[in-house]
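Colleague: Handing you a structure now.
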Amino acid sequence: MNDTGRPQDIPLSNPRADRVRKVAQLAGRPARLKRREFLAEGPQAVREALALHQKRIAAGEPGVVYEVYASESCLDRHPDLEALAEGTTAFLVTDEVLAAMADTVNSQGILAVCGFLDVSLEQVLDAGPRLIAVLCQVRDPGNAGTVLRAADAAGADAVILTASSVDIYNPKAVRSTAGSLFHLPVVLGVEIEELVARCKERGIGVLAADGQGQLNLDLLQDGNAARRLGAPPRDSGYALENPTAWLFGNEAQGLSEEELALADHRVAVPVYGAAESLNLGTAATVCLYASARAQQDGALGS
């Protein structure tokens, strides 16, 4: 970098350069899998990627950001990104070059090439998780990213995607996480039968979010509130403060009968209005926050 903290004085300006084409290839899954790299686009995603990168470097671990490409106007608007990018391979580029690299129609002025972040199921379970979100056959990248973001906000310990779910490194999925992809462990390609068996071995309850479920989420929360207030015990069917893995199904069909049969309980989010059902992102958020609240109450009361 030069004295101003900028990567170099003259921005890269040729949108047909080999370097530009190589970055643009990461919009496609074959290149991502071959190189185990993906794109983080926009100030928020790049900021979180760089924060994780610097944290890992400080701990003596491999970084996660390989290259950063930014326009001068973006760095003027977000000067904190310059400090975070210190020590990385960073380039000033023109808006035309960014447009050629990015997956979005309108570039947000900055993107980063990052290494894959997923970890093994063993790593997650060995850490003693209390709240896990499991995406079963979720195919839409925007929905997957939204659930991951909700899991992060609820303080979940991990997000797990089954083998038939969407590629979480899809640019749309990465954007939908709003940086949360860099905050919590993600496990990919797990077979649901193995996951459920391993959870049960470790004392982690498995709940299936199901509109026709026999248990009612409101009643589960009422049971938790009663216990917290010292009221007489009430059997609501399941204690939400327990370590829990929530199963969330496909956007159109929901969880299959085989997936539902693996769960300890099927839990319905009550619908009080005329809507047929809740969409995946909303249902997942409600369920995860219900568990998070109960677990927070349990921690405070212990």
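We label chains A, B, ... in the order they appear in the structure tokens, count residues from 1 in each chain, and number ligands from 1 in the order shown.
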Quick one: residues within 8 Å of Ala27 (chain A), only C-alpha atoms counted, chain neighbours fewer than 6 positions away excluded, as JSON, numbers by chain?
Modeller: {"A": [38, 39, 102, 103, 170, 171]}
Colleague: Got time to write the residues from that selection, all heavy atoms, as a CSV table (one decimal), in the first residue's frame?
Modeller:
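What landed in result-v1.csv:
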```
chain,number,residue,atom,x,y,z
A,38,PHE,N,-14.5,-18.4,-2.7
A,38,PHE,CA,-15.8,-17.8,-3.1
A,38,PHE,C,-15.7,-16.2,-3.0
A,38,PHE,O,-14.7,-15.7,-2.4
A,38,PHE,CB,-16.9,-18.3,-2.2
A,38,PHE,CG,-16.8,-17.8,-0.7
A,38,PHE,CD1,-17.6,-16.8,-0.2
A,38,PHE,CD2,-15.9,-18.5,0.2
A,38,PHE,CE1,-17.5,-16.4,1.1
A,38,PHE,CE2,-15.9,-18.0,1.5
A,38,PHE,CZ,-16.7,-17.0,1.9
A,39,LEU,N,-16.7,-15.6,-3.4
A,39,LEU,CA,-16.8,-14.1,-3.4
A,39,LEU,C,-17.6,-13.6,-2.3
A,39,LEU,O,-18.7,-14.0,-2.0
A,39,LEU,CB,-17.3,-13.6,-4.7
A,39,LEU,CG,-16.6,-13.8,-6.0
A,39,LEU,CD1,-17.3,-13.2,-7.2
A,39,LEU,CD2,-15.2,-13.2,-5.9
A,102,ALA,N,-18.0,-8.8,-10.4
A,102,ALA,CA,-19.1,-9.1,-9.4
A,102,ALA,C,-20.2,-9.9,-10.0
A,102,ALA,O,-20.4,-9.9,-11.2
A,102,ALA,CB,-19.6,-7.8,-8.8
A,103,ASP,N,-21.0,-10.5,-9.1
A,103,ASP,CA,-22.1,-11.3,-9.5
A,103,ASP,C,-23.4,-10.3,-9.6
A,103,ASP,O,-24.3,-10.6,-10.3
A,103,ASP,CB,-22.4,-12.4,-8.5
A,103,ASP,CG,-23.7,-13.2,-8.8
A,103,ASP,OD1,-23.7,-13.9,-9.9
A,103,ASP,OD2,-24.7,-13.0,-8.1
A,170,ASN,N,-22.8,-19.8,-2.9
A,170,ASN,CA,-23.4,-19.1,-4.0
A,170,ASN,C,-23.4,-17.6,-3.7
A,170,ASN,O,-23.8,-17.2,-2.6
A,170,ASN,CB,-24.9,-19.6,-4.1
A,170,ASN,CG,-25.7,-18.9,-5.2
A,170,ASN,OD1,-25.9,-17.7,-5.2
A,170,ASN,ND2,-26.1,-19.7,-6.2
A,171,PRO,N,-23.1,-16.7,-4.6
A,171,PRO,CA,-23.0,-15.3,-4.3
A,171,PRO,C,-24.3,-14.7,-3.7
A,171,PRO,O,-24.2,-13.9,-2.8
A,171,PRO,CB,-22.7,-14.6,-5.7
A,171,PRO,CG,-22.0,-15.7,-6.4
A,171,PRO,CD,-22.6,-17.0,-6.0
```
Colleague: Just want the 6 Å neighbourhood of region 162-168 of chain A, counted on only C-alpha atoms, with same-chain residues fewer than 2 positions away dropped. Output as a list in words.
Modeller: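 Close residues of region 162-168 of chain A: Cys136, Gln137, Val138, Arg139, Asn170, Ala173, Gly189, Val190 and Glu191 of chain A.
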Colleague: Using 10 Å as the limit and counting only C-alpha atoms, can you tabulate each residue of region 166-238 of chain A that touches region 112-122 of chain A, with its shortest atom-to-atom distance in Å and the two atoms involved, as a Markdown table?
Modeller:
```
| residue | atom | partner | partner_atom | distance |
| --- | --- | --- | --- | --- |
| A:Ile168 | CA | A:Asp118 | CA | 9.5 |
| A:Tyr169 | CA | A:Phe116 | CA | 8.0 |
| A:Leu181 | CA | A:Leu117 | CA | 8.3 |
| A:Phe182 | CA | A:Leu117 | CA | 7.8 |
| A:Leu184 | CA | A:Leu117 | CA | 9.5 |
| A:Pro185 | CA | A:Val119 | CA | 6.5 |
| A:Val186 | CA | A:Asp118 | CA | 5.0 |
| A:Val187 | CA | A:Asp118 | CA | 5.3 |
| A:Leu188 | CA | A:Asp118 | CA | 6.6 |
| A:Gly189 | CA | A:Leu121 | CA | 9.7 |
| A:Val190 | CA | A:Leu121 | CA | 7.8 |
| A:Glu194 | CA | A:Leu121 | CA | 9.9 |
| A:Leu195 | CA | A:Leu121 | CA | 8.0 |
| A:Arg198 | CA | A:Leu121 | CA | 9.1 |
```
Colleague: Quick one: residues within 8 Å of region 67-70 of chain A, only C-alpha atoms, excluding same-chain residues fewer than 3 positions away - as a PyMOL selection string?
Modeller: chain A and resi 74-75+85+88-94+98+109-114
Colleague: Rank nothing, just name the residue among A:Cys287, A:Ala31, A:Val97, A:Ala268 nearest to Ala151 (chain A), using only C-alpha atoms.
Modeller: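 Result for the nearest residue to Ala151 (chain A): A:Cys287.
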Colleague: Using DSSP assignments from the backbone, pull out every residue in region 53-268 of chain A that falls under strand (DSSP E or B) and give it to me as a PyMOL selection string.
Modeller: chain A and resi 65-70+89-93+110-115+131-135+158-162+186-190+205-209+215-216+244-248+250+254+265-268
Colleague: Neighbours of region 276-280 of chain A within 10 Å (only C-alpha atoms; same-chain residues fewer than 4 positions away dropped), as a ChimeraX atom specification?
Modeller: /A:135,138,143-144,146-147,209,211,248-252,254,269-272,284-286
Colleague: Taking N, CA, C and O atoms for each residue, export the selection above as a PDB file, in the first residue's frame.
Modeller:
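Saved as selection.pdb:
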```pdb
ATOM      1  N   LEU A 135     -30.630 -27.067   7.799  1.00  0.00           N
ATOM      2  CA  LEU A 135     -31.380 -26.817   6.573  1.00  0.00           C
ATOM      3  C   LEU A 135     -31.442 -28.111   5.768  1.00  0.00           C
ATOM      4  O   LEU A 135     -30.415 -28.620   5.318  1.00  0.00           O
ATOM      5  N   VAL A 138     -33.015 -27.345   1.454  1.00  0.00           N
ATOM      6  CA  VAL A 138     -33.325 -25.941   1.158  1.00  0.00           C
ATOM      7  C   VAL A 138     -32.570 -25.565  -0.110  1.00  0.00           C
ATOM      8  O   VAL A 138     -31.348 -25.645  -0.156  1.00  0.00           O
ATOM      9  N   ASN A 143     -32.976 -17.855   0.700  1.00  0.00           N
ATOM     10  CA  ASN A 143     -33.553 -18.420   1.921  1.00  0.00           C
ATOM     11  C   ASN A 143     -32.475 -18.993   2.836  1.00  0.00           C
ATOM     12  O   ASN A 143     -32.511 -18.810   4.054  1.00  0.00           O
ATOM     13  N   ALA A 144     -31.520 -19.700   2.250  1.00  0.00           N
ATOM     14  CA  ALA A 144     -30.443 -20.278   3.058  1.00  0.00           C
ATOM     15  C   ALA A 144     -29.664 -19.177   3.770  1.00  0.00           C
ATOM     16  O   ALA A 144     -29.354 -19.278   4.961  1.00  0.00           O
ATOM     17  N   THR A 146     -30.736 -16.181   4.520  1.00  0.00           N
ATOM     18  CA  THR A 146     -31.599 -15.539   5.517  1.00  0.00           C
ATOM     19  C   THR A 146     -31.642 -16.352   6.804  1.00  0.00           C
ATOM     20  O   THR A 146     -31.570 -15.794   7.912  1.00  0.00           O
ATOM     21  N   VAL A 147     -31.753 -17.671   6.694  1.00  0.00           N
ATOM     22  CA  VAL A 147     -31.786 -18.517   7.889  1.00  0.00           C
ATOM     23  C   VAL A 147     -30.451 -18.465   8.614  1.00  0.00           C
ATOM     24  O   VAL A 147     -30.398 -18.401   9.849  1.00  0.00           O
ATOM     25  N   ALA A 209     -39.527 -28.289  12.545  1.00  0.00           N
ATOM     26  CA  ALA A 209     -40.497 -27.220  12.330  1.00  0.00           C
ATOM     27  C   ALA A 209     -41.508 -27.698  11.296  1.00  0.00           C
ATOM     28  O   ALA A 209     -41.170 -27.908  10.134  1.00  0.00           O
ATOM     29  N   GLY A 211     -45.714 -27.297  10.131  1.00  0.00           N
ATOM     30  CA  GLY A 211     -46.984 -26.601  10.303  1.00  0.00           C
ATOM     31  C   GLY A 211     -48.088 -27.478  10.880  1.00  0.00           C
ATOM     32  O   GLY A 211     -49.049 -26.973  11.468  1.00  0.00           O
ATOM     33  N   PHE A 248     -35.276 -27.518   9.503  1.00  0.00           N
ATOM     34  CA  PHE A 248     -36.111 -26.673   8.641  1.00  0.00           C
ATOM     35  C   PHE A 248     -36.079 -27.244   7.230  1.00  0.00           C
ATOM     36  O   PHE A 248     -35.006 -27.558   6.699  1.00  0.00           O
ATOM     37  N   GLY A 249     -37.260 -27.346   6.621  1.00  0.00           N
ATOM     38  CA  GLY A 249     -37.367 -28.063   5.361  1.00  0.00           C
ATOM     39  C   GLY A 249     -37.393 -27.199   4.120  1.00  0.00           C
ATOM     40  O   GLY A 249     -37.305 -25.969   4.166  1.00  0.00           O
ATOM     41  N   ASN A 250     -37.557 -27.875   3.018  1.00  0.00           N
ATOM     42  CA  ASN A 250     -37.628 -27.263   1.699  1.00  0.00           C
ATOM     43  C   ASN A 250     -38.720 -26.206   1.629  1.00  0.00           C
ATOM     44  O   ASN A 250     -39.783 -26.350   2.240  1.00  0.00           O
ATOM     45  N   GLU A 251     -38.464 -25.145   0.856  1.00  0.00           N
ATOM     46  CA  GLU A 251     -39.362 -24.003   0.777  1.00  0.00           C
ATOM     47  C   GLU A 251     -40.770 -24.384   0.328  1.00  0.00           C
ATOM     48  O   GLU A 251     -41.769 -23.867   0.835  1.00  0.00           O
ATOM     49  N   ALA A 252     -40.864 -25.305  -0.623  1.00  0.00           N
ATOM     50  CA  ALA A 252     -42.167 -25.658  -1.195  1.00  0.00           C
ATOM     51  C   ALA A 252     -42.822 -26.832  -0.491  1.00  0.00           C
ATOM     52  O   ALA A 252     -44.016 -26.791  -0.158  1.00  0.00           O
ATOM     53  N   GLY A 254     -41.589 -28.424   2.441  1.00  0.00           N
ATOM     54  CA  GLY A 254     -41.291 -28.590   3.854  1.00  0.00           C
ATOM     55  C   GLY A 254     -40.429 -29.814   4.083  1.00  0.00           C
ATOM     56  O   GLY A 254     -39.744 -30.300   3.174  1.00  0.00           O
ATOM     57  N   VAL A 269     -45.536 -23.612  14.486  1.00  0.00           N
ATOM     58  CA  VAL A 269     -45.640 -22.198  14.846  1.00  0.00           C
ATOM     59  C   VAL A 269     -47.080 -21.785  14.584  1.00  0.00           C
ATOM     60  O   VAL A 269     -47.550 -21.852  13.443  1.00  0.00           O
ATOM     61  N   PRO A 270     -47.833 -21.390  15.606  1.00  0.00           N
ATOM     62  CA  PRO A 270     -49.251 -21.074  15.391  1.00  0.00           C
ATOM     63  C   PRO A 270     -49.437 -19.884  14.467  1.00  0.00           C
ATOM     64  O   PRO A 270     -48.669 -18.922  14.503  1.00  0.00           O
ATOM     65  N   VAL A 271     -50.438 -19.978  13.620  1.00  0.00           N
ATOM     66  CA  VAL A 271     -50.810 -18.884  12.711  1.00  0.00           C
ATOM     67  C   VAL A 271     -52.179 -18.379  13.159  1.00  0.00           C
ATOM     68  O   VAL A 271     -53.167 -19.127  13.130  1.00  0.00           O
ATOM     69  N   TYR A 272     -52.241 -17.135  13.580  1.00  0.00           N
ATOM     70  CA  TYR A 272     -53.482 -16.593  14.130  1.00  0.00           C
ATOM     71  C   TYR A 272     -54.308 -15.821  13.091  1.00  0.00           C
ATOM     72  O   TYR A 272     -55.484 -15.541  13.325  1.00  0.00           O
ATOM     73  N   ALA A 284     -38.142 -20.048  10.666  1.00  0.00           N
ATOM     74  CA  ALA A 284     -36.863 -20.387  11.291  1.00  0.00           C
ATOM     75  C   ALA A 284     -36.490 -19.354  12.345  1.00  0.00           C
ATOM     76  O   ALA A 284     -36.007 -19.701  13.432  1.00  0.00           O
ATOM     77  N   THR A 285     -36.708 -18.089  12.039  1.00  0.00           N
ATOM     78  CA  THR A 285     -36.374 -17.026  12.995  1.00  0.00           C
ATOM     79  C   THR A 285     -37.180 -17.171  14.282  1.00  0.00           C
ATOM     80  O   THR A 285     -36.640 -17.088  15.386  1.00  0.00           O
ATOM     81  N   VAL A 286     -38.480 -17.412  14.151  1.00  0.00           N
ATOM     82  CA  VAL A 286     -39.339 -17.552  15.323  1.00  0.00           C
ATOM     83  C   VAL A 286     -38.890 -18.742  16.179  1.00  0.00           C
ATOM     84  O   VAL A 286     -38.779 -18.651  17.407  1.00  0.00           O
TER      85      VAL A 286
END
```
Colleague: Here is a test: counting only C-alpha atoms, which residue of A:Ala197, A:Val159, A:Val64, A:Ala294 is nearest to Asn224 (chain A)?
Modeller: A:Ala294
Colleague: Check the smallest atom-to-atom distance from each of A:Glu86, A:Glu241, A:Glu48, A:Asp126 to Glu201 (chain A) using only C-alpha atoms, then report the winner.
Modeller: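 Closest candidate: A:Asp126.
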Colleague: Give me the residues near Arg293 (chain A) as a list in words, where near means some atom within 9 Å (using only C-alpha atoms) and where sequence neighbours in that chain fewer than 5 positions away do not count.
Modeller: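 With the cut-off at 9 Å, the set is Ala154, Gln221, Leu240, Glu241, Leu288 and Gly298 of chain A.
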Colleague: Print the selection's residues with N, CA and C atoms to a file, as a PDB file, in the first residue's frame.
Modeller:
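Dumped everything to again.pdb:
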```pdb
ATOM      1  N   ALA A 154     -29.705 -15.043  16.587  1.00  0.00           N
ATOM      2  CA  ALA A 154     -30.262 -15.735  17.745  1.00  0.00           C
ATOM      3  C   ALA A 154     -29.175 -16.356  18.623  1.00  0.00           C
ATOM      4  N   GLN A 221     -43.129 -22.306  24.849  1.00  0.00           N
ATOM      5  CA  GLN A 221     -42.601 -21.096  25.478  1.00  0.00           C
ATOM      6  C   GLN A 221     -43.318 -20.804  26.796  1.00  0.00           C
ATOM      7  N   LEU A 240     -37.642 -26.151  26.026  1.00  0.00           N
ATOM      8  CA  LEU A 240     -36.890 -25.398  25.020  1.00  0.00           C
ATOM      9  C   LEU A 240     -35.501 -25.006  25.476  1.00  0.00           C
ATOM     10  N   GLU A 241     -35.256 -24.989  26.797  1.00  0.00           N
ATOM     11  CA  GLU A 241     -33.921 -24.609  27.254  1.00  0.00           C
ATOM     12  C   GLU A 241     -32.887 -25.717  27.032  1.00  0.00           C
ATOM     13  N   LEU A 288     -35.912 -20.337  16.268  1.00  0.00           N
ATOM     14  CA  LEU A 288     -34.579 -20.162  16.841  1.00  0.00           C
ATOM     15  C   LEU A 288     -34.600 -19.179  18.003  1.00  0.00           C
ATOM     16  N   GLY A 298     -32.559 -19.941  31.072  1.00  0.00           N
ATOM     17  CA  GLY A 298     -31.982 -21.039  31.841  1.00  0.00           C
ATOM     18  C   GLY A 298     -30.599 -20.711  32.362  1.00  0.00           C
TER      19      GLY A 298
END
```
Colleague: Would you return as a ChimeraX atom specification the members of region 86-205 of chain A that DSSP assigns to helix (DSSP H, G or I) on this structure's backbone?
Modeller: /A:95-101,121-126,141-153,171-176,180-182,192-201
Colleague: Between CA of Gly142 (chain A) and CA of Gly281 (chain A), what is the distance in Å, rounded to a tenth?
Modeller: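 Calculated distance between CA of Gly142 (chain A) and CA of Gly281 (chain A) is 9.3 Å.
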Colleague: Measuring between only C-alpha atoms, which one of A:Asp140, A:Asp297, A:Glu61, A:Asp222 shows the shortest distance to Asn242 (chain A)?
Modeller: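 Selected residue with least distance to Asn242 (chain A): A:Asp297.
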